[in-house]
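Source file: input17.cif. Holds: mmCIF, C-alpha atoms.
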```cif
data_coords
loop_
_atom_site.label_atom_id
_atom_site.label_comp_id
_atom_site.auth_asym_id
_atom_site.auth_seq_id
_atom_site.Cartn_x
_atom_site.Cartn_y
_atom_site.Cartn_z
CA MET A 7 -48.87 -1.26 -9.42
CA PRO A 8 -46.38 -2.80 -11.88
CA LEU A 9 -42.79 -2.19 -10.82
CA ASP A 10 -41.85 -0.24 -13.94
CA ASP A 11 -44.77 2.12 -13.32
CA ALA A 12 -43.74 2.48 -9.67
CA VAL A 13 -40.21 3.45 -10.72
CA GLN A 14 -41.55 6.05 -13.14
CA GLN A 15 -43.72 7.46 -10.38
CA VAL A 16 -40.80 7.99 -7.98
CA LEU A 17 -38.28 9.28 -10.53
CA PRO A 18 -39.21 13.00 -10.21
CA SER A 19 -38.65 12.98 -6.46
CA VAL A 20 -35.44 10.98 -6.80
CA ARG A 21 -34.14 13.39 -9.43
CA ALA A 22 -34.94 16.33 -7.15
CA ASP A 23 -33.09 14.71 -4.24
CA LEU A 24 -30.10 13.95 -6.46
CA GLU A 25 -29.94 17.65 -7.33
CA ARG A 26 -30.08 18.54 -3.63
CA LEU A 27 -27.10 16.27 -3.03
CA VAL A 28 -25.12 17.70 -5.94
CA ARG A 29 -25.52 21.22 -4.48
CA ILE A 30 -23.51 20.15 -1.41
CA PRO A 31 -19.75 20.50 -2.11
CA SER A 32 -18.76 17.38 -0.17
CA VAL A 33 -15.11 17.29 -1.31
CA SER A 34 -13.40 14.78 0.96
CA ALA A 35 -9.91 15.90 -0.12
CA ASP A 36 -10.48 19.39 1.28
CA PRO A 37 -10.27 19.63 5.09
CA ALA A 38 -12.24 22.88 4.93
CA ALA A 39 -15.17 20.96 3.40
CA ALA A 40 -15.74 18.86 6.54
CA PRO A 41 -19.00 20.72 7.35
CA HIS A 42 -20.26 19.94 3.84
CA LEU A 43 -19.51 16.26 4.33
CA ARG A 44 -21.55 16.36 7.52
CA ASP A 45 -24.37 18.09 5.64
CA SER A 46 -24.38 15.53 2.83
CA ALA A 47 -24.34 12.64 5.30
CA ALA A 48 -27.24 14.19 7.21
CA LEU A 49 -29.26 14.60 4.02
CA VAL A 50 -28.58 11.01 2.94
CA ALA A 51 -29.65 9.77 6.35
CA ALA A 52 -32.88 11.75 6.18
CA LEU A 53 -33.65 10.44 2.69
CA LEU A 54 -33.07 6.82 3.70
CA GLU A 55 -35.25 7.21 6.76
CA ALA A 56 -38.01 8.72 4.62
CA ALA A 57 -37.63 5.78 2.21
CA GLY A 58 -38.76 3.44 4.97
CA LEU A 59 -35.57 2.13 6.53
CA PRO A 60 -36.21 1.95 10.28
CA GLU A 61 -32.55 1.86 11.38
CA VAL A 62 -30.49 4.83 10.15
CA ASP A 63 -27.23 6.05 11.69
CA VAL A 64 -24.52 8.52 10.75
CA LEU A 65 -21.28 6.86 11.84
CA ALA A 66 -17.54 7.48 11.76
CA VAL A 67 -14.39 6.01 13.19
CA PRO A 68 -11.62 8.21 14.63
CA GLY A 69 -10.09 10.36 11.91
CA GLY A 70 -12.76 9.46 9.37
CA PRO A 71 -15.58 11.43 7.77
CA PRO A 72 -19.23 10.53 8.33
CA ALA A 73 -20.77 7.53 6.63
CA VAL A 74 -24.42 6.56 6.64
CA LEU A 75 -25.49 3.04 7.60
CA ALA A 76 -29.15 2.11 7.31
CA ARG A 77 -30.99 -1.19 7.56
CA ARG A 78 -34.30 -2.91 7.11
CA PRO A 79 -34.31 -6.54 8.31
CA ALA A 80 -35.09 -9.30 5.85
CA PRO A 81 -38.52 -10.98 5.78
CA PRO A 82 -38.41 -14.65 6.79
CA GLY A 83 -36.44 -16.70 4.28
CA ALA A 84 -35.30 -13.69 2.25
CA PRO A 85 -31.69 -12.67 1.64
CA THR A 86 -30.10 -9.43 2.78
CA VAL A 87 -28.69 -7.10 0.11
CA LEU A 88 -26.08 -4.44 0.91
CA LEU A 89 -26.42 -1.38 -1.33
CA TYR A 90 -23.25 0.73 -1.49
CA ALA A 91 -22.45 4.19 -2.84
CA HIS A 92 -20.47 7.20 -1.61
CA HIS A 93 -21.48 10.79 -0.89
CA ASP A 94 -18.06 12.43 -1.16
CA VAL A 95 -16.85 13.91 -4.43
CA GLN A 96 -13.66 14.93 -6.17
CA PRO A 97 -12.38 18.53 -6.15
CA THR A 98 -13.61 20.58 -9.09
CA GLY A 99 -10.17 21.50 -10.42
CA ASP A 100 -9.90 24.69 -12.40
CA ARG A 101 -13.39 26.20 -12.53
CA ALA A 102 -12.53 27.68 -15.92
CA GLY A 103 -12.81 24.18 -17.37
CA TRP A 104 -16.50 23.93 -16.40
CA ASP A 105 -19.26 25.18 -18.66
CA THR A 106 -21.63 25.43 -15.68
CA ASP A 107 -21.33 25.85 -11.92
CA PRO A 108 -20.12 22.42 -10.71
CA PHE A 109 -22.34 22.59 -7.63
CA GLN A 110 -25.44 23.85 -9.40
CA PRO A 111 -26.99 20.87 -11.21
CA THR A 112 -27.83 21.85 -14.77
CA GLU A 113 -29.62 19.78 -17.41
CA THR A 114 -28.38 20.13 -20.98
CA GLY A 115 -28.90 17.75 -23.88
CA GLY A 116 -30.32 14.93 -21.79
CA ARG A 117 -27.46 15.07 -19.27
CA LEU A 118 -27.36 16.44 -15.73
CA PHE A 119 -24.10 18.33 -15.17
CA GLY A 120 -22.47 18.81 -11.78
CA ARG A 121 -19.76 17.42 -9.54
CA GLY A 122 -21.00 14.12 -8.17
CA ALA A 123 -23.98 13.99 -10.52
CA ALA A 124 -22.58 10.71 -11.80
CA ASP A 125 -19.81 9.76 -9.34
CA ASP A 126 -21.36 8.80 -7.05
CA LYS A 127 -24.40 10.68 -5.86
CA ALA A 128 -26.29 9.09 -8.72
CA GLY A 129 -25.54 5.75 -7.05
CA ILE A 130 -27.28 7.00 -3.92
CA ALA A 131 -30.23 8.11 -6.02
CA VAL A 132 -30.52 4.72 -7.73
CA HIS A 133 -30.75 3.04 -4.33
CA LEU A 134 -33.40 5.55 -3.25
CA ALA A 135 -35.43 4.86 -6.39
CA ALA A 136 -35.40 1.11 -5.83
CA LEU A 137 -36.42 1.51 -2.19
CA ARG A 138 -39.19 4.00 -2.95
CA ALA A 139 -40.55 1.93 -5.82
CA HIS A 140 -40.98 -1.10 -3.53
CA GLY A 141 -42.17 0.90 -0.53
CA ALA A 142 -43.53 -1.26 2.26
CA GLY A 143 -43.45 -4.28 -0.06
CA LEU A 144 -39.66 -4.56 -0.14
CA PRO A 145 -39.16 -8.32 -0.62
CA VAL A 146 -35.62 -8.63 0.77
CA GLY A 147 -33.60 -7.32 3.66
CA VAL A 148 -31.62 -4.21 2.79
CA THR A 149 -28.57 -2.61 4.35
CA VAL A 150 -27.43 0.67 2.80
CA LEU A 151 -23.90 1.97 3.27
CA ILE A 152 -23.06 5.40 1.90
CA GLU A 153 -19.35 6.05 2.43
CA GLY A 154 -17.78 9.49 2.84
CA GLU A 155 -14.13 9.01 1.84
CA GLU A 156 -14.02 6.87 -1.31
CA GLU A 157 -12.52 9.67 -3.40
CA ILE A 158 -9.45 9.83 -1.15
CA GLY A 159 -8.88 6.09 -1.10
CA SER A 160 -10.96 5.24 1.99
CA PRO A 161 -8.13 5.64 4.52
CA THR A 162 -10.28 4.65 7.53
CA LEU A 163 -12.13 1.90 5.69
CA LEU A 164 -10.55 -1.05 7.47
CA PRO A 165 -11.30 0.14 11.02
CA PHE A 166 -14.83 1.04 9.88
CA LEU A 167 -15.38 -2.47 8.53
CA ASP A 168 -14.00 -4.01 11.69
CA THR A 169 -16.01 -1.75 14.00
CA TYR A 170 -19.35 -2.34 12.25
CA HIS A 171 -18.64 -5.82 10.93
CA ASP A 172 -21.83 -7.47 12.20
CA ARG A 173 -24.07 -4.73 10.82
CA LEU A 174 -22.49 -4.97 7.35
CA ALA A 175 -22.96 -8.70 6.78
CA ALA A 176 -25.02 -9.48 3.67
CA ASP A 177 -25.75 -12.26 1.21
CA VAL A 178 -25.44 -10.01 -1.83
CA VAL A 179 -23.67 -6.68 -2.31
CA VAL A 180 -24.43 -4.11 -5.02
CA PHE A 181 -21.64 -1.56 -5.45
CA ALA A 182 -23.16 1.27 -7.50
CA ASP A 183 -19.93 3.01 -8.46
CA ALA A 184 -18.91 1.83 -11.92
CA VAL A 185 -19.48 2.54 -15.60
CA ASN A 186 -21.62 0.94 -18.29
CA TRP A 187 -20.17 -0.23 -21.59
CA THR A 188 -22.02 2.55 -23.41
CA ALA A 189 -25.02 4.73 -22.66
CA ASP A 190 -27.11 2.15 -24.52
CA VAL A 191 -25.47 -1.09 -23.31
CA ALA A 192 -25.50 -1.92 -19.61
CA SER A 193 -22.80 -3.95 -17.93
CA LEU A 194 -21.57 -5.58 -14.77
CA THR A 195 -17.94 -4.93 -13.87
CA THR A 196 -16.26 -8.23 -13.07
CA SER A 197 -12.66 -7.07 -12.58
CA LEU A 198 -10.96 -4.01 -11.11
CA ARG A 199 -7.37 -2.90 -11.23
CA GLY A 200 -5.72 -2.16 -7.92
CA GLY A 201 -3.94 1.08 -7.23
CA ALA A 202 -1.33 2.94 -5.25
CA THR A 203 0.16 6.43 -5.32
CA ILE A 204 3.55 7.78 -4.35
CA THR A 205 5.20 11.17 -4.18
CA VAL A 206 8.77 11.44 -5.49
CA GLU A 207 10.96 14.46 -4.80
CA LEU A 208 14.38 15.22 -6.27
CA ARG A 209 16.86 17.72 -4.83
CA THR A 210 19.98 18.96 -6.62
CA LEU A 211 20.85 22.29 -4.92
CA ASP A 212 20.60 23.82 -1.47
CA HIS A 213 19.14 27.01 -2.99
CA ALA A 214 17.99 28.34 -6.35
CA VAL A 215 20.63 29.92 -8.58
CA HIS A 216 20.70 32.00 -11.78
CA SER A 217 20.13 29.79 -14.82
CA GLY A 218 22.45 31.87 -16.97
CA LEU A 219 25.33 31.92 -14.53
CA PHE A 220 25.18 28.25 -13.56
CA GLY A 221 23.15 26.52 -16.30
CA GLY A 222 25.16 23.93 -18.18
CA PRO A 223 27.21 22.03 -15.62
CA VAL A 224 24.75 22.39 -12.71
CA PRO A 225 21.64 20.15 -12.85
CA ASP A 226 18.30 21.61 -11.85
CA ALA A 227 15.77 19.51 -9.97
CA LEU A 228 12.87 19.87 -12.39
CA THR A 229 14.83 18.71 -15.45
CA SER A 230 16.23 15.86 -13.36
CA LEU A 231 12.71 14.88 -12.30
CA CYS A 232 11.47 14.97 -15.90
CA ARG A 233 14.25 12.58 -16.91
CA LEU A 234 13.39 10.25 -14.06
CA LEU A 235 9.67 10.22 -14.85
CA ALA A 236 10.43 9.51 -18.51
CA THR A 237 11.97 6.17 -17.51
CA LEU A 238 8.59 4.86 -16.33
CA HIS A 239 7.56 4.01 -19.92
CA ASP A 240 9.41 2.52 -22.86
CA ASP A 241 9.31 3.99 -26.35
CA ARG A 242 6.07 2.16 -27.15
CA GLY A 243 4.38 3.54 -24.04
CA ASP A 244 4.33 0.28 -22.08
CA VAL A 245 5.09 0.53 -18.36
CA ALA A 246 8.84 -0.07 -17.95
CA VAL A 247 8.81 -1.07 -14.26
CA ALA A 248 10.06 -4.64 -14.04
CA GLY A 249 8.02 -7.44 -12.54
CA LEU A 250 4.46 -6.10 -12.90
CA HIS A 251 1.76 -8.55 -13.95
CA ARG A 252 -0.12 -8.28 -17.26
CA GLY A 253 -3.24 -10.19 -18.24
CA THR A 254 -5.71 -10.40 -21.09
CA ALA A 255 -9.35 -9.39 -21.42
CA ASP A 256 -12.27 -10.02 -23.74
CA PRO A 257 -11.82 -7.49 -26.57
CA LEU A 258 -15.61 -7.10 -26.94
CA ASP A 259 -16.24 -4.65 -29.78
CA LEU A 260 -14.04 -1.77 -28.64
CA THR A 261 -12.42 0.04 -31.54
CA GLU A 262 -9.62 2.58 -31.47
CA ALA A 263 -12.01 5.17 -32.89
CA GLN A 264 -14.48 4.59 -30.07
CA LEU A 265 -11.81 4.71 -27.38
CA ARG A 266 -10.36 7.92 -28.82
CA ALA A 267 -13.82 9.49 -28.89
CA ASP A 268 -14.71 8.37 -25.35
CA ALA A 269 -11.44 9.70 -23.92
CA GLY A 270 -11.31 12.86 -26.04
CA VAL A 271 -7.90 12.03 -27.54
CA LEU A 272 -6.76 14.87 -29.80
CA ASP A 273 -6.20 14.32 -33.51
CA GLY A 274 -2.69 13.12 -34.20
CA VAL A 275 -2.04 11.91 -30.63
CA GLU A 276 -1.11 8.21 -30.63
CA LEU A 277 -2.44 5.65 -28.19
CA ILE A 278 0.32 4.16 -26.05
CA GLY A 279 1.27 0.64 -25.09
CA THR A 280 0.89 -2.72 -26.81
CA GLY A 281 -1.70 -5.48 -26.74
CA GLY A 282 -5.46 -5.34 -27.10
CA LEU A 283 -7.30 -2.20 -26.10
CA THR A 284 -9.26 -3.86 -23.30
CA ASP A 285 -6.03 -5.56 -22.15
CA ARG A 286 -4.42 -2.16 -21.76
CA LEU A 287 -7.47 -0.66 -20.07
CA TRP A 288 -8.35 -3.45 -17.63
CA THR A 289 -5.67 -6.11 -17.18
CA SER A 290 -2.34 -4.32 -17.61
CA PRO A 291 -0.56 -1.92 -15.26
CA SER A 292 -0.57 1.79 -15.96
CA ILE A 293 1.43 4.67 -14.53
CA SER A 294 0.43 8.33 -14.73
CA VAL A 295 1.95 11.50 -13.36
CA ILE A 296 -1.06 13.19 -11.79
CA GLY A 297 0.56 16.17 -10.07
CA LEU A 298 3.70 18.27 -10.23
CA ASP A 299 5.03 20.82 -7.75
CA ALA A 300 6.88 23.39 -9.84
CA PRO A 301 6.48 27.08 -10.55
CA ALA A 302 3.67 28.06 -12.89
CA THR A 303 4.96 29.37 -16.20
CA ALA A 304 3.57 32.82 -15.48
CA ALA A 305 5.52 33.01 -12.22
CA ALA A 306 8.71 31.30 -13.36
CA SER A 307 12.03 33.14 -13.18
CA ASN A 308 15.35 32.31 -14.82
CA THR A 309 16.57 30.11 -11.98
CA LEU A 310 17.68 26.54 -11.56
CA LEU A 311 15.21 24.92 -9.17
CA PRO A 312 16.72 23.22 -6.13
CA ALA A 313 13.79 20.78 -5.63
CA ALA A 314 10.85 19.40 -7.60
CA ARG A 315 8.13 16.94 -6.66
CA ALA A 316 5.66 14.75 -8.54
CA LYS A 317 2.72 12.56 -7.57
CA VAL A 318 2.62 9.27 -9.45
CA SER A 319 -0.44 7.02 -9.76
CA LEU A 320 0.03 3.28 -10.33
CA ARG A 321 -2.77 1.00 -11.46
CA VAL A 322 -2.19 -2.70 -10.82
CA ALA A 323 -3.56 -5.53 -12.96
CA PRO A 324 -5.86 -8.20 -11.52
CA GLY A 325 -3.70 -11.06 -10.28
CA ASP A 326 -0.98 -8.76 -8.99
CA ASP A 327 -0.35 -7.50 -5.47
CA ALA A 328 -0.72 -3.74 -4.99
CA ASP A 329 1.88 -3.43 -2.24
CA ARG A 330 4.45 -5.51 -4.12
CA ALA A 331 3.81 -3.51 -7.29
CA ARG A 332 4.21 -0.23 -5.40
CA ASP A 333 7.53 -1.47 -4.02
CA ALA A 334 8.65 -2.34 -7.55
CA LEU A 335 7.82 1.21 -8.66
CA VAL A 336 9.80 2.67 -5.76
CA ALA A 337 12.76 0.43 -6.58
CA HIS A 338 12.64 1.49 -10.23
CA LEU A 339 12.66 5.16 -9.34
CA ARG A 340 15.56 4.79 -6.94
CA ALA A 341 17.55 2.87 -9.54
CA HIS A 342 17.02 5.47 -12.28
CA VAL A 343 17.66 8.75 -10.44
CA PRO A 344 19.75 10.87 -12.85
CA TRP A 345 22.98 12.72 -12.11
CA GLY A 346 23.21 11.67 -8.47
CA ALA A 347 20.23 13.76 -7.39
CA GLN A 348 18.96 13.21 -3.87
CA VAL A 349 15.62 11.41 -3.87
CA ILE A 350 12.82 11.26 -1.32
CA ILE A 351 9.96 8.84 -2.01
CA GLN A 352 6.81 8.88 0.10
CA PRO A 353 4.04 6.31 -0.48
CA SER A 354 0.57 7.66 0.22
CA ASP A 355 -2.02 6.02 2.42
CA PHE A 356 -3.99 5.00 -0.67
CA SER A 357 -3.58 1.38 -1.69
CA ALA A 358 -6.26 -0.81 -3.21
CA ALA A 359 -5.95 -4.46 -4.15
CA PRO A 360 -7.12 -5.58 -7.60
CA TYR A 361 -10.29 -7.63 -7.75
CA THR A 362 -11.81 -10.39 -9.86
CA ALA A 363 -15.44 -11.27 -9.19
CA ARG A 364 -16.99 -14.70 -8.98
CA THR A 365 -19.57 -14.96 -11.74
CA GLY A 366 -22.45 -17.30 -12.45
CA GLY A 367 -24.26 -17.16 -9.11
CA ARG A 368 -27.96 -16.53 -8.62
CA ALA A 369 -27.55 -12.82 -7.92
CA TYR A 370 -25.20 -12.38 -10.88
CA GLN A 371 -27.73 -14.00 -13.21
CA ALA A 372 -30.59 -12.02 -11.69
CA PHE A 373 -28.82 -8.70 -12.15
CA HIS A 374 -27.98 -9.44 -15.77
CA GLN A 375 -31.63 -10.34 -16.29
CA ALA A 376 -32.71 -7.05 -14.69
CA LEU A 377 -30.23 -5.02 -16.77
CA THR A 378 -31.36 -6.68 -19.98
CA GLN A 379 -35.00 -6.01 -19.14
CA ALA A 380 -34.40 -2.39 -18.19
CA TRP A 381 -32.23 -1.55 -21.19
CA GLY A 382 -34.13 -3.69 -23.70
CA ARG A 383 -30.94 -5.39 -24.93
CA ALA A 384 -28.38 -7.85 -23.63
CA SER A 385 -25.95 -6.65 -20.98
CA LEU A 386 -22.22 -7.40 -20.86
CA ASP A 387 -19.45 -8.28 -18.43
CA ILE A 388 -16.62 -5.75 -18.55
CA GLY A 389 -13.50 -4.86 -16.63
CA ALA A 390 -12.56 -1.52 -15.14
CA GLY A 391 -9.22 0.20 -14.95
CA GLY A 392 -10.07 2.00 -11.74
CA SER A 393 -10.11 0.83 -8.15
CA ILE A 394 -12.81 0.62 -5.48
CA PRO A 395 -11.07 -0.04 -2.15
CA PHE A 396 -14.31 -1.05 -0.47
CA VAL A 397 -14.89 -3.93 -2.89
CA THR A 398 -11.69 -5.79 -2.13
CA ALA A 399 -11.78 -5.01 1.59
CA TYR A 400 -15.37 -6.22 1.88
CA ALA A 401 -14.69 -9.37 -0.14
CA GLU A 402 -11.84 -10.31 2.19
CA ARG A 403 -14.04 -10.00 5.27
CA PHE A 404 -17.20 -11.52 3.83
CA PRO A 405 -16.00 -14.18 1.37
CA ALA A 406 -19.39 -15.85 1.08
CA ALA A 407 -21.15 -12.69 -0.15
CA GLU A 408 -21.97 -12.47 -3.85
CA ILE A 409 -20.57 -9.14 -5.04
CA LEU A 410 -21.94 -7.18 -8.00
CA VAL A 411 -20.26 -4.03 -9.30
CA THR A 412 -22.64 -1.90 -11.31
CA GLY A 413 -23.20 1.79 -11.90
CA VAL A 414 -24.85 4.70 -13.60
CA GLU A 415 -21.96 6.21 -15.52
CA ASP A 416 -21.33 5.98 -19.25
CA PRO A 417 -18.07 6.67 -21.11
CA ASP A 418 -18.93 10.37 -21.48
CA SER A 419 -19.70 10.98 -17.80
CA ARG A 420 -16.24 12.56 -17.26
CA ALA A 421 -16.07 11.51 -13.63
CA HIS A 422 -13.26 13.32 -11.76
CA GLY A 423 -12.96 15.86 -14.58
CA ALA A 424 -14.57 19.12 -15.59
CA ASN A 425 -18.15 18.95 -16.85
CA GLU A 426 -18.98 15.71 -15.06
CA SER A 427 -22.47 14.65 -16.04
CA LEU A 428 -25.12 11.96 -15.73
CA HIS A 429 -26.87 10.60 -18.81
CA LEU A 430 -30.48 10.80 -17.66
CA PRO A 431 -31.90 7.93 -19.77
CA THR A 432 -29.14 5.67 -18.39
CA PHE A 433 -30.02 6.83 -14.88
CA GLU A 434 -33.68 5.92 -15.36
CA ARG A 435 -32.79 2.46 -16.67
CA ALA A 436 -30.40 1.88 -13.76
CA CYS A 437 -33.16 2.75 -11.28
CA LEU A 438 -35.50 0.26 -12.93
CA ALA A 439 -32.83 -2.44 -13.09
CA GLU A 440 -32.07 -2.28 -9.37
CA ALA A 441 -35.75 -2.35 -8.48
CA LEU A 442 -36.26 -5.38 -10.71
CA PHE A 443 -33.22 -7.07 -9.21
CA LEU A 444 -34.51 -6.75 -5.65
CA HIS A 445 -37.85 -8.16 -6.79
CA THR A 446 -36.13 -11.13 -8.45
CA LEU A 447 -34.28 -12.03 -5.25
CA ALA A 448 -37.53 -12.52 -3.31
CA PRO A 449 -37.93 -16.06 -1.93
CA ARG A 450 -39.49 -18.39 -4.44
CA ALA A 451 -42.79 -19.98 -3.48
#
```
Could you rewrite the structure in this file as structure tokens?
Amino acid sequence: MPLDDAVQQVLPSVRADLERLVRIPSVSADPAAAPHLRDSAALVAALLEAAGLPEVDVLAVPGGPPAVLARRPAPPGAPTVLLYAHHDVQPTGDRAGWDTDPFQPTETGGRLFGRGAADDKAGIAVHLAALRAHGAGLPVGVTVLIEGEEEIGSPTLLPFLDTYHDRLAADVVVFADAVNWTADVASLTTSLRGGATITVELRTLDHAVHSGLFGGPVPDALTSLCRLLATLHDDRGDVAVAGLHRGTADPLDLTEAQLRADAGVLDGVELIGTGGLTDRLWTSPSISVIGLDAPATAAASNTLLPAARAKVSLRVAPGDDADRARDALVAHLRAHVPWGAQVIIQPSDFSAAPYTARTGGRAYQAFHQALTQAWGRASLDIGAGGSIPFVTAYAERFPAAEILVTGVEDPDSRAHGANESLHLPTFERACLAEALFLHTLAPRA
């Protein structure tokens, strides 16, 4: 049977299994969801075993959630390909922002809505489709790793890699956890920004006091924190932390109108920063305040707050060092604390190095060929502003492996946000592309 027909034949079962996975609320950030993570790992293991992989294990290192590691040895002379995805998902956030139940997959307008439908349970499904389409005729060795903690920065990743080092060795790695240029144009991601997060707390009082009686000369912690956070950007919106690296990127055909539409920027809101759009997205640092501990407006009283806390996310450009950049951010915050407030800064366990891929190898060319064939138009190389800790950690331990970062998402997938969804035509093309890629890597006669 031709490979494209074989992919079409397995798509209904793969879609059904993707929906089964989406129904499991495997939120790695929630300790109470640990049973769900075990359930999702067990289901992934069962699916990989049914897909014909003879060696399937659910594994974890101390303190870590379950991952699934499966393997089928390579035929003589064939390479081994490691297929990566992750089965954990982000929290849903405020359920009021969702149009549908986030853990009840729902198809609307050619998209499948649900938490993890795109990031990254669709990556698992793409791997299943490629394996099922080849069946017993799989022409290469395959190792599948489905991680369970990517959404919290993979805190036990390094001991996991060290513990199972020999079982993770591969000639080629496919990381199915990235975005395509558009729903109609496929891409390989050839650079990733690094990342780090910190929590900064300011204290100005030993207890809350009446804002009318003491407001004026007495500083409150929340206003002090707002002033401190405002120093992180200059008036143009560029990151104001000294010493961070900036690079340049291929502008491709990205327009401001397209970026505004993809991100949902409201009318009248200006884009921030300077330089090309892809420079700002992929090869420049960014800083965002992603959380704030302060009273909700509905519960606020007329008091001066004694303490306030914020979580700050730093994205680090390729060519920079994530730990050095984090230290520069900490130094900036300490140097700009207003009004003598007491400051406590706590770096999180999350830190990911930036990454730049080697391009031009046989696997790189083969995957572009497969993407072009599956989409019916030329594919692109793009960068990504996000981080994938596993990519850089794996590359350091297996420097000879050819690493490909691909994915199923499109700019409207809304990964990590409300109404996350998978564009189903893109999903079908991604399944075909990976199946074609594995076929292309078969030893040449």
Starting from the displayed file, determine the output of the PyMOL selection byres ((chain A and resi 83-97) around 8) and express the residue list as a ChimeraX atom specification. /A:31-36,43,46-47,79-82,98-99,121-122,125-127,129-130,133,145-157,174-183,422,447-449
Return the single residue from A:Ala323, A:Leu265, A:Leu49, A:Ala22 that is closest to Ala390 (chain A), with distances computed using all atoms listed in the file. A:Ala323
Written as a compact mmCIF listing (two decimals) with C-alpha atoms, keeping the file's coordinate frame, what is the full residue list that the PyMOL selection byres ((chain A and resi 253) around 6) yields on the file shown?
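File expr_6.txt, as written:
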```txt
# COMPACT_ATOMS: atom_id res chain seq x y z
CA ARG A 252 -0.12 -8.28 -17.26
CA THR A 254 -5.71 -10.40 -21.09
CA THR A 289 -5.67 -6.11 -17.18
CA SER A 290 -2.34 -4.32 -17.61
```
Shell of 6 Å around region 8-13 of chain A, only C-alpha atoms, local chain residues under 2 positions omitted, as JSON, numbers by chain: {"A": [15, 16, 139]}
Please write the residues picked by the PyMOL selection byres ((chain A and resi 115) around 12) on this file as number ranges by chain. A: 112-114, 116-119, 427-431
If you count all atoms listed in the file, which residues fall within 12 Å of Val411 (chain A), apart from same-chain ones fewer than 6 positions away, as a PDB file with C-alpha atoms, in the frame of the given file?
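Printed below is result_10.pdb as written:
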```pdb
ATOM      1  CA  LEU A  88     -26.080  -4.440   0.910  1.00  0.00           C
ATOM      2  CA  LEU A  89     -26.420  -1.380  -1.330  1.00  0.00           C
ATOM      3  CA  TYR A  90     -23.250   0.730  -1.490  1.00  0.00           C
ATOM      4  CA  ALA A  91     -22.450   4.190  -2.840  1.00  0.00           C
ATOM      5  CA  GLY A 129     -25.540   5.750  -7.050  1.00  0.00           C
ATOM      6  CA  VAL A 178     -25.440 -10.010  -1.830  1.00  0.00           C
ATOM      7  CA  VAL A 179     -23.670  -6.680  -2.310  1.00  0.00           C
ATOM      8  CA  VAL A 180     -24.430  -4.110  -5.020  1.00  0.00           C
ATOM      9  CA  PHE A 181     -21.640  -1.560  -5.450  1.00  0.00           C
ATOM     10  CA  ALA A 182     -23.160   1.270  -7.500  1.00  0.00           C
ATOM     11  CA  ASP A 183     -19.930   3.010  -8.460  1.00  0.00           C
ATOM     12  CA  ALA A 184     -18.910   1.830 -11.920  1.00  0.00           C
ATOM     13  CA  VAL A 185     -19.480   2.540 -15.600  1.00  0.00           C
ATOM     14  CA  ASN A 186     -21.620   0.940 -18.290  1.00  0.00           C
ATOM     15  CA  ALA A 192     -25.500  -1.920 -19.610  1.00  0.00           C
ATOM     16  CA  SER A 193     -22.800  -3.950 -17.930  1.00  0.00           C
ATOM     17  CA  LEU A 194     -21.570  -5.580 -14.770  1.00  0.00           C
ATOM     18  CA  THR A 195     -17.940  -4.930 -13.870  1.00  0.00           C
ATOM     19  CA  THR A 196     -16.260  -8.230 -13.070  1.00  0.00           C
ATOM     20  CA  SER A 197     -12.660  -7.070 -12.580  1.00  0.00           C
ATOM     21  CA  LEU A 198     -10.960  -4.010 -11.110  1.00  0.00           C
ATOM     22  CA  TYR A 361     -10.290  -7.630  -7.750  1.00  0.00           C
ATOM     23  CA  THR A 362     -11.810 -10.390  -9.860  1.00  0.00           C
ATOM     24  CA  ALA A 363     -15.440 -11.270  -9.190  1.00  0.00           C
ATOM     25  CA  ARG A 364     -16.990 -14.700  -8.980  1.00  0.00           C
ATOM     26  CA  THR A 365     -19.570 -14.960 -11.740  1.00  0.00           C
ATOM     27  CA  ALA A 369     -27.550 -12.820  -7.920  1.00  0.00           C
ATOM     28  CA  TYR A 370     -25.200 -12.380 -10.880  1.00  0.00           C
ATOM     29  CA  PHE A 373     -28.820  -8.700 -12.150  1.00  0.00           C
ATOM     30  CA  HIS A 374     -27.980  -9.440 -15.770  1.00  0.00           C
ATOM     31  CA  ASP A 387     -19.450  -8.280 -18.430  1.00  0.00           C
ATOM     32  CA  ILE A 388     -16.620  -5.750 -18.550  1.00  0.00           C
ATOM     33  CA  GLY A 389     -13.500  -4.860 -16.630  1.00  0.00           C
ATOM     34  CA  ALA A 390     -12.560  -1.520 -15.140  1.00  0.00           C
ATOM     35  CA  SER A 393     -10.110   0.830  -8.150  1.00  0.00           C
ATOM     36  CA  ILE A 394     -12.810   0.620  -5.480  1.00  0.00           C
ATOM     37  CA  PHE A 396     -14.310  -1.050  -0.470  1.00  0.00           C
ATOM     38  CA  VAL A 397     -14.890  -3.930  -2.890  1.00  0.00           C
ATOM     39  CA  THR A 398     -11.690  -5.790  -2.130  1.00  0.00           C
ATOM     40  CA  ALA A 401     -14.690  -9.370  -0.140  1.00  0.00           C
ATOM     41  CA  GLU A 440     -32.070  -2.280  -9.370  1.00  0.00           C
TER      42      GLU A 440
END
```
Which residue out of A:Leu134, A:Ala123, A:Ala56, A:Leu163 has the minimum interatomic distance to Val414 (chain A) when all atoms listed in the file are used?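 Of the candidates, the smallest distance to Val414 (chain A) is held by A:Ala123.
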Which polymer residues have any atom within 9 Å of an atom of Gly279 (chain A), counting only C-alpha atoms, with same-chain residues fewer than 2 positions away left out, as a PyMOL selection string? chain A and resi 239-245+277+281+286
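With only C-alpha atoms as the atoms that count, the minimum distance from Gly382 (chain A) to the choices A:Asp45, A:Glu61, A:Asp100, A:Asp190 is reached by A:Asp190.
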